[in-house]
Amino acid sequence: MEQSKMARKQDDRNKAQAYVRKGILAILQNQAEITSEEIQNKLDANNFREVDVPAVLKQLMAEGIIERPPLSRVYVRLRKVDIDVCPEQYINLVQSGVAYHDWDNHLPNLMWAFENKEFVMMIGPASAGKTEAVRKLSELTGMPLFTFNFSLRTREHELVGRLDTRENGEIYFKPGVMTESMKAGGILYLDELPSAPGGMLLKLNQALDSRREITTDEGLVKAHPRWFVVATMNPLDLRGGGTKQLPPQIMDRFPISMDFKLPIDVSTEYAVIKSIVPEISKHSAAVRKGISVIQDLRQSTDLFYIPGIRASRTIARMIVAGKTLQDALEQAVINRYIFWGTSEKAKVAELVYSLIGRSGGY
Ligand SMILES: Nc1ncnc2c1ncn2[C@@H]1O[C@H](COP(=O)(O)OP(=O)(O)OP(=O)(O)O)[C@@H](O)[C@H]1O
Ligand SMILES: [Mg+2]
């Protein structure tokens with residue numbers, strides 16, 4: 001009895017080492033320089049059990065895969081239940097180095113949903129961080145990310161797959177993105193789901209119900225138990241940018257809804273931008289002013305469009321590159337409103353100049 005327990009423990013440890021090894025390889029593939037603390041942070045978010053990372057690194061060194069071990073000796077814990085391993089051929093789809101700042105505390109909920117395979121619907125305006133959050137999930141879990149962007153032009157075979165011919169005339173099944181993610185057991189990200197044509201929603205309906213399978217030209221494909229799906233939609237109100245309703249039966253297949261918002265205070269948004277453009281510390285006053293102007297615009301209820309976090313990021317980059325705040329705001333925000341006519345642009349320009357003064361001052 002005791003012996004089988006010990007054997008099981010050793011087996012667990014081996015699996016753990018193998019998993020950490022894969023994780024580290026995935027991380028190193030996109031990131032040559034990393035400390036062992038950073039590796040720990042990446043692996044730790046998942047309720048990991050003790051594993052000797054330096055031993056894994058030493059082994060990788062002995063095999064000539066890495067040159068030298070990352071600094072400082074730390075241990076990470078490896079997940080106890082169901083050790084997830086990314087299939088070798090999809091390692092390149094595991095995200096890394098994602099500078100996501102979790103200001104609204106979405107990641108713990110996303111991680112829980114991932115662990116429990118409760119599919120998630122992210123709802124929020126453009127550039128509220130939906131895509132970045134799911135990329136971060138891929139990084140934290142070490143699972144590959146398969147992305148599908150819906151538009152009016154997307155075709156069912158891109159999602160499901162179809163028979164294709166090789167150069168030598170051989171016919172084979174070329175899987176679509178969803179089918180591939182189901183087989184691999186990765187994270188499927190369905191961006192702007194309401195834009196999906198009706199026929200595709202039917203296919204999704206089948207895949208997402210409790211059987212988790214679809215019929216393809218290759219036959220029935222059953223999803224790997226690790227398969228996880230996150231979809232997004234933009235709110236239907238004018239400024240949310242959403243275009244179409246989603247049938248309730250599809251909505252129901254995503255039991256967890258996450259409300260992605262744009263930050264409403266300058267410090268929070270500044271911290272988000274700082275995680276992507278660290279150089280802003282040297283231009284903090286101008287960047288904060290820019291963010292505060294953008295946040296004021298978001299408050300005005302009569303605009304057709306409101307700038308998101310992307311606009312703040314662009315303004316920060318321009319300021320770091322030496323442009324004035326006024327120039328940055330004109331190019332990243334004001335000029336856009338010409339789309340709704342000169343008077344709309346003039347209205348926004350007036351609002352912005354009343355906030356910063358016409359010559360900027362920054
Ligand atoms: N929490 C965050 N941490 C770091 N960067 C963020 C965050 N939120 C937004 N960003 C920045 O804003 C940009 C837009 O974010 P993202 O692409 O995730 O938005 P989205 O919600 O997917 O928008 P869309 O609906 O337009 O696809 C990102 O490239 C990133 O630079
Ligand atoms: Mg997105």
# chains A, B, ... in the order shown; residues from 1 in each chain; ligands from 1
call {"tool": "residues_around", "arguments": {"residues": "Ala286 (chain A)", "least_positions_apart": "3", "cutoff": "9 Å", "atoms": "only C-alpha atoms", "output": "count of residues only"}}
result
9
call {"tool": "residues_around", "arguments": {"residues": "Glu118 (chain A)", "least_positions_apart": "4", "cutoff": "12 Å", "atoms": "only C-alpha atoms", "output": "ChimeraX atom specification"}}
result
/A:109-114,208-210,225-231,252-257
call {"tool": "write_last_selection", "arguments": {"atoms": "N, CA and C atoms", "output": "compact mmCIF listing (two decimals), in the first residue's frame"}}
result
# COMPACT_ATOMS: atom_id res chain seq x y z
N ASN A 109 -11.66 35.22 -11.81
CA ASN A 109 -12.91 34.65 -12.31
C ASN A 109 -12.68 33.84 -13.59
N LEU A 110 -11.82 34.39 -14.43
CA LEU A 110 -11.52 33.71 -15.68
C LEU A 110 -10.80 32.38 -15.41
N MET A 111 -9.90 32.39 -14.44
CA MET A 111 -9.18 31.17 -14.07
C MET A 111 -10.15 30.13 -13.51
N TRP A 112 -11.08 30.58 -12.68
CA TRP A 112 -12.05 29.64 -12.11
C TRP A 112 -12.88 29.01 -13.23
N ALA A 113 -13.33 29.86 -14.15
CA ALA A 113 -14.14 29.36 -15.26
C ALA A 113 -13.35 28.35 -16.08
N PHE A 114 -12.07 28.65 -16.30
CA PHE A 114 -11.19 27.75 -17.06
C PHE A 114 -11.06 26.40 -16.35
N LEU A 208 -21.29 23.58 -28.65
CA LEU A 208 -21.26 24.14 -27.30
C LEU A 208 -22.24 23.48 -26.35
N ASP A 209 -23.13 22.64 -26.85
CA ASP A 209 -24.04 22.01 -25.89
C ASP A 209 -23.30 20.91 -25.14
N SER A 210 -23.98 20.24 -24.23
CA SER A 210 -23.24 19.41 -23.28
C SER A 210 -22.51 18.25 -23.96
N PRO A 225 -11.53 16.98 -23.26
CA PRO A 225 -12.12 17.51 -22.01
C PRO A 225 -11.52 18.84 -21.55
N ARG A 226 -10.33 19.17 -22.06
CA ARG A 226 -9.68 20.42 -21.67
C ARG A 226 -10.21 21.63 -22.45
N TRP A 227 -10.97 21.36 -23.51
CA TRP A 227 -11.43 22.44 -24.40
C TRP A 227 -12.17 23.52 -23.61
N PHE A 228 -11.85 24.77 -23.91
CA PHE A 228 -12.47 25.88 -23.18
C PHE A 228 -12.79 26.99 -24.17
N VAL A 229 -13.96 27.61 -24.00
CA VAL A 229 -14.40 28.61 -24.96
C VAL A 229 -14.71 29.95 -24.29
N VAL A 230 -14.17 31.01 -24.87
CA VAL A 230 -14.49 32.37 -24.43
C VAL A 230 -15.00 33.13 -25.65
N ALA A 231 -16.16 33.77 -25.53
CA ALA A 231 -16.67 34.58 -26.64
C ALA A 231 -16.77 36.03 -26.20
N ASP A 252 -27.09 31.25 -23.75
CA ASP A 252 -27.19 30.28 -22.65
C ASP A 252 -26.01 29.33 -22.58
N ARG A 253 -25.32 29.17 -23.68
CA ARG A 253 -24.21 28.23 -23.69
C ARG A 253 -22.94 28.83 -23.09
N PHE A 254 -23.04 30.08 -22.70
CA PHE A 254 -21.93 30.73 -21.98
C PHE A 254 -22.45 31.12 -20.60
N PRO A 255 -22.36 30.20 -19.64
CA PRO A 255 -23.02 30.44 -18.35
C PRO A 255 -22.41 31.60 -17.57
N ILE A 256 -21.15 31.95 -17.86
CA ILE A 256 -20.53 33.04 -17.11
C ILE A 256 -20.41 34.28 -17.98
N SER A 257 -20.91 35.39 -17.47
CA SER A 257 -20.77 36.66 -18.19
C SER A 257 -19.79 37.55 -17.44
call {"tool": "atom_distance", "arguments": {"atom1": "CA of Phe304 (chain A)", "atom2": "CA of Asp237 (chain A)"}}
result
10.2 Å
call {"tool": "residues_near_ligand", "arguments": {"ligand": "ligand 1", "cutoff": "7 Å", "atoms": "only C-alpha atoms and all ligand atoms", "output": "list in words"}}
result
Ala99, Tyr100, His101, Asp102, Trp103, Gly124, Pro125, Ala126, Ser127, Ala128, Gly129, Lys130, Thr131, Glu132, Ala133, Asn234, Val272, Ile273, Ser275, Ile276, Ile309, Arg310 and Arg313 of chain A
call {"tool": "atom_distance", "arguments": {"atom1": "CA of Tyr172 (chain A)", "atom2": "CA of Ile214 (chain A)"}}
result
17.7 Å
call {"tool": "select_by_dssp", "arguments": {"residues": "region 86-174 of chain A", "states": "strand (DSSP E or B)", "output": "list of chain:residue names"}}
result
A:Val120, A:Met121, A:Met122, A:Ile123, A:Leu145, A:Phe146, A:Thr147, A:Phe148, A:Asn149, A:Gly161, A:Arg162, A:Leu163, A:Asp164, A:Thr165, A:Ile171, A:Tyr172, A:Phe173, A:Lys174
call {"tool": "select_by_dssp", "arguments": {"residues": "region 60-263 of chain A", "states": "helix (DSSP H, G or I)", "output": "JSON, numbers by chain"}}
result
{"A": [60, 61, 62, 88, 89, 90, 91, 92, 93, 107, 108, 109, 110, 111, 112, 113, 114, 115, 116, 130, 131, 132, 133, 134, 135, 136, 137, 138, 139, 140, 141, 156, 157, 158, 159, 160, 177, 178, 179, 180, 181, 182, 183, 184, 193, 194, 195, 198, 199, 200, 201, 202, 203, 204, 205, 206, 207, 208, 238, 239, 240, 248, 249, 250, 251]}
call {"tool": "closest_residue", "arguments": {"among": "A:Met122, A:Val56, A:Thr179, A:Leu137", "to": "Pro235 (chain A)", "atoms": "only C-alpha atoms"}}
result
A:Met122
call {"tool": "atom_distance", "arguments": {"atom1": "CA of Val98 (chain A)", "atom2": "CA of Val277 (chain A)"}}
result
12.5 Å
call {"tool": "closest_residue", "arguments": {"among": "A:Ile356, A:Ala332, A:Leu190, A:Ala7", "to": "ligand 2", "atoms": "only C-alpha atoms and all ligand atoms"}}
result
A:Leu190
call {"tool": "closest_residue", "arguments": {"among": "A:Ile334, A:Ile306, A:Leu145, A:Met318", "to": "Glu350 (chain A)", "atoms": "only C-alpha atoms"}}
result
A:Ile334
call {"tool": "residues_around", "arguments": {"residues": "Lys174 (chain A)", "least_positions_apart": "4", "cutoff": "8 Å", "atoms": "only C-alpha atoms", "output": "PDB file with N, CA and C atoms, in the first residue's frame"}}
result
ATOM      1  N   GLY A 161     -14.071  23.373 -40.926  1.00  0.00           N
ATOM      2  CA  GLY A 161     -13.124  22.622 -41.756  1.00  0.00           C
ATOM      3  C   GLY A 161     -13.805  22.037 -42.979  1.00  0.00           C
ATOM      4  N   ARG A 162     -13.001  21.549 -43.891  1.00  0.00           N
ATOM      5  CA  ARG A 162     -13.574  20.932 -45.087  1.00  0.00           C
ATOM      6  C   ARG A 162     -12.529  20.025 -45.743  1.00  0.00           C
ATOM      7  N   LEU A 163     -13.003  19.265 -46.717  1.00  0.00           N
ATOM      8  CA  LEU A 163     -12.068  18.418 -47.452  1.00  0.00           C
ATOM      9  C   LEU A 163     -11.262  19.284 -48.404  1.00  0.00           C
ATOM     10  N   ASP A 164      -9.998  18.975 -48.505  1.00  0.00           N
ATOM     11  CA  ASP A 164      -9.119  19.766 -49.364  1.00  0.00           C
ATOM     12  C   ASP A 164      -8.228  18.797 -50.152  1.00  0.00           C
TER      13      ASP A 164
END
call {"tool": "closest_residue", "arguments": {"among": "A:Glu192, A:Ala285, A:Arg155, A:Ser181", "to": "ligand 2", "atoms": "only C-alpha atoms and all ligand atoms"}}
result
A:Glu192
call {"tool": "closest_residue", "arguments": {"among": "A:Ala18, A:Ala196, A:Leu262, A:Leu297", "to": "Leu60 (chain A)", "atoms": "only C-alpha atoms"}}
result
A:Ala18
call {"tool": "closest_residue", "arguments": {"among": "A:Lys136, A:Lys183, A:Lys58, A:Lys22", "to": "Pro108 (chain A)", "atoms": "only C-alpha atoms"}}
result
A:Lys136
call {"tool": "decode", "arguments": {"residues": "region 322-354 of chain A", "atoms": "N, CA and C atoms", "output": "PDB file, in the first residue's frame"}}
result
ATOM      1  N   GLY A 322       7.866  62.406 -28.079  1.00  0.00           N
ATOM      2  CA  GLY A 322       8.194  63.814 -28.180  1.00  0.00           C
ATOM      3  C   GLY A 322       7.109  64.711 -28.761  1.00  0.00           C
ATOM      4  N   LYS A 323       5.943  64.155 -29.092  1.00  0.00           N
ATOM      5  CA  LYS A 323       4.862  65.009 -29.604  1.00  0.00           C
ATOM      6  C   LYS A 323       4.209  65.767 -28.447  1.00  0.00           C
ATOM      7  N   THR A 324       3.561  66.864 -28.771  1.00  0.00           N
ATOM      8  CA  THR A 324       2.843  67.586 -27.725  1.00  0.00           C
ATOM      9  C   THR A 324       1.521  66.865 -27.447  1.00  0.00           C
ATOM     10  N   LEU A 325       0.976  67.170 -26.283  1.00  0.00           N
ATOM     11  CA  LEU A 325      -0.311  66.568 -25.923  1.00  0.00           C
ATOM     12  C   LEU A 325      -1.389  66.954 -26.930  1.00  0.00           C
ATOM     13  N   GLN A 326      -1.336  68.215 -27.368  1.00  0.00           N
ATOM     14  CA  GLN A 326      -2.347  68.680 -28.320  1.00  0.00           C
ATOM     15  C   GLN A 326      -2.275  67.894 -29.636  1.00  0.00           C
ATOM     16  N   ASP A 327      -1.047  67.748 -30.161  1.00  0.00           N
ATOM     17  CA  ASP A 327      -0.849  66.967 -31.387  1.00  0.00           C
ATOM     18  C   ASP A 327      -1.378  65.549 -31.217  1.00  0.00           C
ATOM     19  N   ALA A 328      -1.010  64.951 -30.088  1.00  0.00           N
ATOM     20  CA  ALA A 328      -1.405  63.568 -29.837  1.00  0.00           C
ATOM     21  C   ALA A 328      -2.926  63.454 -29.796  1.00  0.00           C
ATOM     22  N   LEU A 329      -3.569  64.380 -29.094  1.00  0.00           N
ATOM     23  CA  LEU A 329      -5.032  64.317 -28.985  1.00  0.00           C
ATOM     24  C   LEU A 329      -5.699  64.550 -30.336  1.00  0.00           C
ATOM     25  N   GLU A 330      -5.113  65.437 -31.141  1.00  0.00           N
ATOM     26  CA  GLU A 330      -5.707  65.685 -32.458  1.00  0.00           C
ATOM     27  C   GLU A 330      -5.671  64.417 -33.304  1.00  0.00           C
ATOM     28  N   GLN A 331      -4.484  63.797 -33.336  1.00  0.00           N
ATOM     29  CA  GLN A 331      -4.348  62.643 -34.231  1.00  0.00           C
ATOM     30  C   GLN A 331      -5.021  61.381 -33.704  1.00  0.00           C
ATOM     31  N   ALA A 332      -5.029  61.227 -32.397  1.00  0.00           N
ATOM     32  CA  ALA A 332      -5.563  59.967 -31.850  1.00  0.00           C
ATOM     33  C   ALA A 332      -7.041  60.067 -31.487  1.00  0.00           C
ATOM     34  N   VAL A 333      -7.538  61.291 -31.343  1.00  0.00           N
ATOM     35  CA  VAL A 333      -8.931  61.404 -30.894  1.00  0.00           C
ATOM     36  C   VAL A 333      -9.760  62.347 -31.775  1.00  0.00           C
ATOM     37  N   ILE A 334      -9.376  63.628 -31.794  1.00  0.00           N
ATOM     38  CA  ILE A 334     -10.250  64.643 -32.406  1.00  0.00           C
ATOM     39  C   ILE A 334     -10.565  64.348 -33.875  1.00  0.00           C
ATOM     40  N   ASN A 335      -9.507  64.063 -34.670  1.00  0.00           N
ATOM     41  CA  ASN A 335      -9.712  63.879 -36.110  1.00  0.00           C
ATOM     42  C   ASN A 335     -10.700  62.763 -36.451  1.00  0.00           C
ATOM     43  N   ARG A 336     -10.796  61.793 -35.584  1.00  0.00           N
ATOM     44  CA  ARG A 336     -11.692  60.671 -35.852  1.00  0.00           C
ATOM     45  C   ARG A 336     -13.135  61.116 -36.040  1.00  0.00           C
ATOM     46  N   TYR A 337     -13.508  62.183 -35.355  1.00  0.00           N
ATOM     47  CA  TYR A 337     -14.920  62.587 -35.357  1.00  0.00           C
ATOM     48  C   TYR A 337     -15.361  63.224 -36.665  1.00  0.00           C
ATOM     49  N   ILE A 338     -14.408  63.478 -37.568  1.00  0.00           N
ATOM     50  CA  ILE A 338     -14.775  63.999 -38.883  1.00  0.00           C
ATOM     51  C   ILE A 338     -15.680  62.985 -39.596  1.00  0.00           C
ATOM     52  N   PHE A 339     -15.540  61.729 -39.190  1.00  0.00           N
ATOM     53  CA  PHE A 339     -16.379  60.661 -39.734  1.00  0.00           C
ATOM     54  C   PHE A 339     -17.874  60.977 -39.555  1.00  0.00           C
ATOM     55  N   TRP A 340     -18.197  61.664 -38.469  1.00  0.00           N
ATOM     56  CA  TRP A 340     -19.602  62.016 -38.213  1.00  0.00           C
ATOM     57  C   TRP A 340     -19.897  63.459 -38.631  1.00  0.00           C
ATOM     58  N   GLY A 341     -18.965  64.058 -39.391  1.00  0.00           N
ATOM     59  CA  GLY A 341     -19.200  65.395 -39.915  1.00  0.00           C
ATOM     60  C   GLY A 341     -18.346  66.451 -39.236  1.00  0.00           C
ATOM     61  N   THR A 342     -18.168  67.574 -39.948  1.00  0.00           N
ATOM     62  CA  THR A 342     -17.291  68.617 -39.420  1.00  0.00           C
ATOM     63  C   THR A 342     -17.815  69.212 -38.123  1.00  0.00           C
ATOM     64  N   SER A 343     -19.143  69.279 -37.981  1.00  0.00           N
ATOM     65  CA  SER A 343     -19.630  69.920 -36.769  1.00  0.00           C
ATOM     66  C   SER A 343     -19.405  69.025 -35.549  1.00  0.00           C
ATOM     67  N   GLU A 344     -19.448  67.707 -35.764  1.00  0.00           N
ATOM     68  CA  GLU A 344     -19.167  66.782 -34.656  1.00  0.00           C
ATOM     69  C   GLU A 344     -17.698  66.918 -34.248  1.00  0.00           C
ATOM     70  N   LYS A 345     -16.821  66.999 -35.260  1.00  0.00           N
ATOM     71  CA  LYS A 345     -15.399  67.158 -34.946  1.00  0.00           C
ATOM     72  C   LYS A 345     -15.162  68.479 -34.210  1.00  0.00           C
ATOM     73  N   ALA A 346     -15.808  69.543 -34.690  1.00  0.00           N
ATOM     74  CA  ALA A 346     -15.616  70.859 -34.061  1.00  0.00           C
ATOM     75  C   ALA A 346     -16.071  70.819 -32.604  1.00  0.00           C
ATOM     76  N   LYS A 347     -17.168  70.103 -32.373  1.00  0.00           N
ATOM     77  CA  LYS A 347     -17.704  70.012 -31.017  1.00  0.00           C
ATOM     78  C   LYS A 347     -16.686  69.338 -30.075  1.00  0.00           C
ATOM     79  N   VAL A 348     -16.102  68.239 -30.571  1.00  0.00           N
ATOM     80  CA  VAL A 348     -15.122  67.513 -29.757  1.00  0.00           C
ATOM     81  C   VAL A 348     -13.862  68.353 -29.558  1.00  0.00           C
ATOM     82  N   ALA A 349     -13.428  69.003 -30.642  1.00  0.00           N
ATOM     83  CA  ALA A 349     -12.218  69.834 -30.548  1.00  0.00           C
ATOM     84  C   ALA A 349     -12.408  70.921 -29.500  1.00  0.00           C
ATOM     85  N   GLU A 350     -13.563  71.544 -29.528  1.00  0.00           N
ATOM     86  CA  GLU A 350     -13.839  72.614 -28.576  1.00  0.00           C
ATOM     87  C   GLU A 350     -13.781  72.090 -27.141  1.00  0.00           C
ATOM     88  N   LEU A 351     -14.386  70.922 -26.972  1.00  0.00           N
ATOM     89  CA  LEU A 351     -14.395  70.296 -25.646  1.00  0.00           C
ATOM     90  C   LEU A 351     -12.967  70.015 -25.169  1.00  0.00           C
ATOM     91  N   VAL A 352     -12.169  69.441 -26.090  1.00  0.00           N
ATOM     92  CA  VAL A 352     -10.798  69.084 -25.722  1.00  0.00           C
ATOM     93  C   VAL A 352      -9.985  70.336 -25.408  1.00  0.00           C
ATOM     94  N   TYR A 353     -10.109  71.377 -26.270  1.00  0.00           N
ATOM     95  CA  TYR A 353      -9.314  72.579 -26.032  1.00  0.00           C
ATOM     96  C   TYR A 353      -9.741  73.289 -24.760  1.00  0.00           C
ATOM     97  N   SER A 354     -11.009  73.172 -24.431  1.00  0.00           N
ATOM     98  CA  SER A 354     -11.436  73.801 -23.179  1.00  0.00           C
ATOM     99  C   SER A 354     -10.793  73.095 -21.984  1.00  0.00           C
TER     100      SER A 354
END
